[in-house]
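Inspection log for the structure reproduced underneath, given as structure tokens.
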Amino acid sequence: MQRRDRGIAQSLGLPLTKCVKESRVLLVGAGGIGCEVLKNLVCSGFGSLPGVYGAERRASIDGVEHVPVSSKKPGIVVVDLDTIDLSNLNRQFLFRKQHIKKPKAFVAKETASQFNPSVNIEAHHASIFDSQYDVEFFESFDLVFNALDNLAARRHVNRMCLAANVPLVESGTTGFNGQVQAIKKGVTECYDCNPKPVQKSFPICTIRSTPSQPIHCIVWAKSYLLPELFGTSEEESADVAVTEGDNAEEVAKLKEEAEALKNIRLMMGKSEFAQHVFDKVFHDDIERLRSMTEMWQSRRPPQSLSFDGLKADAEDDLVKRGQALSIQDQAVWDVKDDLAVFAYSVDVLSNRCQAGETVIEFDKDDKDTLDFVAAAANIRSHVFGIPLHSEWEIKQMAGNIIPAIATSNALTASLCVMEGFKIMRSQIGSSTETLGGSKMVFLNSRSTERLITTQSLAAPVPECPVCSPIYAKLALPGDGGEPILQDLVDMLREKVGYEEFSITTEAGIIYDPDLEDNLEKPMKDYITHGNKFITVTDEGDEGKVDLVLSTIVRSEAQSGLQLLPDNITLPLKPKKAVPDTNGHAAGTPEPVVASAANSSAGAKRKREAEDEVESAKKRAKAGKQEVHVVDDDGAILLDD
Amino acid sequence: MDGTNQALFDLTTGMPLIDPTTQNGLPILTHGTNMMGNNMLDTTAMTAMQTQAGMLSVLPPQGISADEIALYDRQIRLWGMKAQEMIRNAQVLLIGMRALGNEIAKNLVLAGIGSLTILDSEPLTFEDLETSFLVTEEDIGQPRATASAIELRRMNPRVNIVTDTETILTKTPDYFSRFQIVICTNQPFEMASTINMSCRMYNVKFYAADTYGFYGYIFADLIMHTFTITRDKGNMDTKVGA
């Protein structure tokens, strides 16, 4: 008998194939990784079997009737808020040129559906932060795949999956590299167990007074000059921060400079506007900086420019010349060219401002703002003796563009679904290993050794504020009954055994032993339903872990508030771990992986053991700073 | 390092990581025309600067249009304009258009190679549909090569897709001489070996690959291949010793 799913059935075996077909999975993101993951999910048959869901429909595999256990409706749900852009087409292969500007989720569904007629795909053109994507939404899935491109969304989905207790396959790619990691509450580290690098911000003095790299000039143009002239100048940029190292006097002087620029802004519309701006920032401000001789004792002082001096004897229309140059985004304009583009872009942006655009912000795809930033950054670079760059390169630095290719995404997406299979086989109990033997997987295309390496998944960090709490649901009655905060407090005392505790929402503390003002307020005031959380913190000596509640509104009537599950026992917060001294990784605790991993010795696991030794060595190296600490009990830690 | 070692290459494209200073193992001439008859820019005259991202800033070679730069923007930012130019000129032969062939073809076409010739004499079967996402049920019975070419052309109209539905048994060694790279999938050892030898005769780079469920292999014979390993220089000196 010919069957379309022979490949997957032979590779996974029938029980796991059945599980895959009946599964309901969520794919967050339909971009680089998303398109490839969706292709893999569809071709593997995820969600392609209409199972028994409410009704009495029976399905047949191999001629044997069976009734699926799960009540979840099989299918793949894709959520993406973005629309298609030309630059996506080099890798997001579900999209074609005619799809540009259309929502990714819809087009992805349309194209991928053709790969397998049995598949059931639901597409949402929405943000995963929307309140409709609450805990119950996430609970409806067997598995969630992240295919995102930003930290905030990853954190959010991580938290929702922890709250819903549904496994998450997290992934990412950068250039030639990629990474995949499964996350399950209580079993593995969550996304926030380890701190992630924060977006870099530069000290204000580096940006405004002593730039030394092209990026400093670009941030100056994008986050200072552009907003001052065409945006809301009051806004504080995430790129620039007043740090401890900054001279307070200098910071004050810089504020004065910004004030003076605001006055020049009033001249917008006059033909001399560009000249006044130019002479202010590239001459007057520079001359002021030059006068601070101590600043230039070990640095090259900036050389000021004047508009007329730079324009010199150029006869042609500066703005027109700038317009022609702005098309050549691959070429590196010299400083005179930059002057022309500066004049041109100031003209264009001024017109937009006067036509009614109150706030113009930098957007890498807004050519006018890009022209302005490129020209201004280059002129400033020239002033400070920093090499100039083409607009194309500046676009990457200013717009935080991450280079991307099809193959890294294809490889990473394959690894995602592989890890997905492992998680699913653990769900149907056909594996004795933790999470079905799932690993953290690294793709390093430029490695001179292995292209793909793995590492055991680590156990959760005990003090992680995101995954150490117990998550539960707080059900509010749908009609009638106006529970007040006091009702919640009483219920928590009774059901969970709290004595002294505090309650926090996004807005802050709403109750604690010293704050009883809000007890009569209706719970409705604090429930911004959907996907926000209420955190209960134990203030007693015992120190129970936090209890985090997501709220759901019941459609039917119920008596007052309800806690789901009804009885909750909160474990105590873990004490701060003292590093073990087992003589191996000196000074650094071995990650406590679930016991199954320890029992996995054997010839077959040799490679995995090598990986663990490798990573243990790395941790030992990283912890070398702590090696020479004398332990409390007098034992002296020995170096390896 | 002799070419039969697994040097740096991109697994799924089957292509070596491009070293922009060589083509077919020979250094690119810095003046005049290269062996393919393309005008090459004088690299020394260009302003090549290292940016913070470590990119090289060079004027686009003649040939790559502004539209192409816009389409390939994200990958040019990774491997540079020169590599994209070389990809754009590449003539690749792909033998076999089943699951593996679908993936390889997709990746090559998205990258924007010059031309992809697909050699497969077999008709599409129902079971092929599971993993051949380039085709649909309506294509059953059609030669796999021609059926999948339609979607590939839509995926990137700039790539010249050539299909060859003749059996591989009729191909004489000189057939392979017109390609720079030959990727041989789903072939038994003897056939793959014979093709490898033909490729060697004409200095054509060769890959053999296949998949079996969760298992697979890739074999590379690049004959002679030079490449560069770059390492980021640390901010601090590495101390020698423990």
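Letters for chains follow the order of the structure tokens (A, B, ...), residue numbers begin at 1 for each chain, and ligand numbers begin at 1 in the order shown.
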Do me a favour and pick out the residues of chain B within 7 Å of chain A, using only C-alpha atoms, as a PyMOL selection string. chain B and resi 8+10+12+59+70-75+77-78+107+110-111+126-127+129-131+133+136+155+213-214
DSSP on the backbone: which residues in stretch 61-151 of chain B end up as helix (DSSP H, G or I)? Give the answer as a PyMOL selection string. chain B and resi 66-71+73-88+99-111+127-130+137-139+144-151
Using only C-alpha atoms, which of B:Val135, B:Ile95, B:Met86, B:Ile223 sits nearest B:Lys171?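 Counting only C-alpha atoms, the residue closest to B:Lys171 is B:Ile95.
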So which bits of stretch 35-206 of chain B end up strand (DSSP E or B) when you DSSP the backbone, as a PDB file with C-alpha atoms, in the first residue's frame?
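Ended up saving to states_11.pdb:
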ATOM      1  CA  ASN B  39      35.949  42.063 -16.208  1.00  0.00           C
ATOM      2  CA  GLN B  50      37.282  47.181   8.004  1.00  0.00           C
ATOM      3  CA  LEU B  56      34.880  44.815   3.634  1.00  0.00           C
ATOM      4  CA  GLN B  91      27.308  26.657 -12.522  1.00  0.00           C
ATOM      5  CA  VAL B  92      26.190  23.738 -10.402  1.00  0.00           C
ATOM      6  CA  LEU B  93      24.941  20.263 -11.280  1.00  0.00           C
ATOM      7  CA  LEU B  94      22.592  18.525  -8.857  1.00  0.00           C
ATOM      8  CA  ILE B  95      21.979  14.841  -9.424  1.00  0.00           C
ATOM      9  CA  SER B 115      22.693  28.208 -12.938  1.00  0.00           C
ATOM     10  CA  LEU B 116      21.424  24.990 -11.457  1.00  0.00           C
ATOM     11  CA  THR B 117      21.161  21.913 -13.638  1.00  0.00           C
ATOM     12  CA  ILE B 118      18.965  19.192 -12.181  1.00  0.00           C
ATOM     13  CA  LEU B 119      19.629  15.713 -13.471  1.00  0.00           C
ATOM     14  CA  PRO B 123       9.072  10.210 -12.334  1.00  0.00           C
ATOM     15  CA  PRO B 143       9.754  13.713 -14.192  1.00  0.00           C
ATOM     16  CA  ASN B 160      18.880  29.728 -14.554  1.00  0.00           C
ATOM     17  CA  ILE B 161      17.268  26.354 -13.857  1.00  0.00           C
ATOM     18  CA  VAL B 162      18.093  23.673 -16.403  1.00  0.00           C
ATOM     19  CA  THR B 163      16.507  20.250 -16.220  1.00  0.00           C
ATOM     20  CA  ASP B 164      17.887  17.056 -17.674  1.00  0.00           C
ATOM     21  CA  ILE B 181      30.562  21.899  -8.739  1.00  0.00           C
ATOM     22  CA  VAL B 182      28.727  18.590  -9.031  1.00  0.00           C
ATOM     23  CA  ILE B 183      26.491  17.386  -6.202  1.00  0.00           C
ATOM     24  CA  CYS B 184      25.600  13.737  -6.503  1.00  0.00           C
ATOM     25  CA  THR B 185      22.716  12.492  -4.348  1.00  0.00           C
ATOM     26  CA  LYS B 205      34.636  19.893  -7.500  1.00  0.00           C
ATOM     27  CA  PHE B 206      32.507  16.990  -6.359  1.00  0.00           C
TER      28      PHE B 206
END
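Atom pair atom CA of B:Tyr202 / atom CA of B:Met224: separated by 12.5 Å.
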Shell of 8 Å around A:Lys422, only C-alpha atoms, local chain residues under 6 positions omitted, as a ChimeraX atom specification: /A:435-438
Residues at most 7 Å from B:Asp128, counting only C-alpha atoms, excluding those fewer than 4 positions away in the same chain, as a list in words?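 My reading of the contact set: Arg98, Leu124 and Ser132 of chain B.
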Dump all heavy atoms for the selected residues as a PDB file, in the first residue's frame?
ATOM      1  N   ARG B  98      15.219  14.039  -4.875  1.00  0.00           N
ATOM      2  CA  ARG B  98      14.293  13.544  -3.873  1.00  0.00           C
ATOM      3  C   ARG B  98      14.386  14.454  -2.651  1.00  0.00           C
ATOM      4  O   ARG B  98      14.599  15.656  -2.809  1.00  0.00           O
ATOM      5  CB  ARG B  98      14.578  12.073  -3.585  1.00  0.00           C
ATOM      6  CG  ARG B  98      14.388  11.216  -4.853  1.00  0.00           C
ATOM      7  CD  ARG B  98      14.596   9.749  -4.627  1.00  0.00           C
ATOM      8  NE  ARG B  98      13.590   9.227  -3.710  1.00  0.00           N
ATOM      9  CZ  ARG B  98      13.818   8.222  -2.859  1.00  0.00           C
ATOM     10  NH1 ARG B  98      14.996   7.655  -2.801  1.00  0.00           N
ATOM     11  NH2 ARG B  98      12.845   7.791  -2.083  1.00  0.00           N
ATOM     12  N   LEU B 124       7.968  11.387 -10.575  1.00  0.00           N
ATOM     13  CA  LEU B 124       7.567  11.643  -9.196  1.00  0.00           C
ATOM     14  C   LEU B 124       6.544  10.594  -8.748  1.00  0.00           C
ATOM     15  O   LEU B 124       5.610  10.276  -9.471  1.00  0.00           O
ATOM     16  CB  LEU B 124       6.925  13.036  -9.111  1.00  0.00           C
ATOM     17  CG  LEU B 124       6.570  13.516  -7.706  1.00  0.00           C
ATOM     18  CD1 LEU B 124       7.832  13.839  -6.926  1.00  0.00           C
ATOM     19  CD2 LEU B 124       5.668  14.745  -7.777  1.00  0.00           C
ATOM     20  N   SER B 132       9.121  16.056  -0.645  1.00  0.00           N
ATOM     21  CA  SER B 132       9.430  16.929  -1.784  1.00  0.00           C
ATOM     22  C   SER B 132       8.461  18.099  -1.745  1.00  0.00           C
ATOM     23  O   SER B 132       7.406  18.078  -2.359  1.00  0.00           O
ATOM     24  CB  SER B 132       9.298  16.146  -3.095  1.00  0.00           C
ATOM     25  OG  SER B 132      10.193  15.069  -3.096  1.00  0.00           O
TER      26      SER B 132
END
Name the residues in contact with B:Arg158 at a cut-off of 8 Å, using only C-alpha atoms, excluding same-chain residues fewer than 3 positions from it; report them as a list in words.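 My list of contacting residues is Gly112, Gly114 and Arg153 of chain B.
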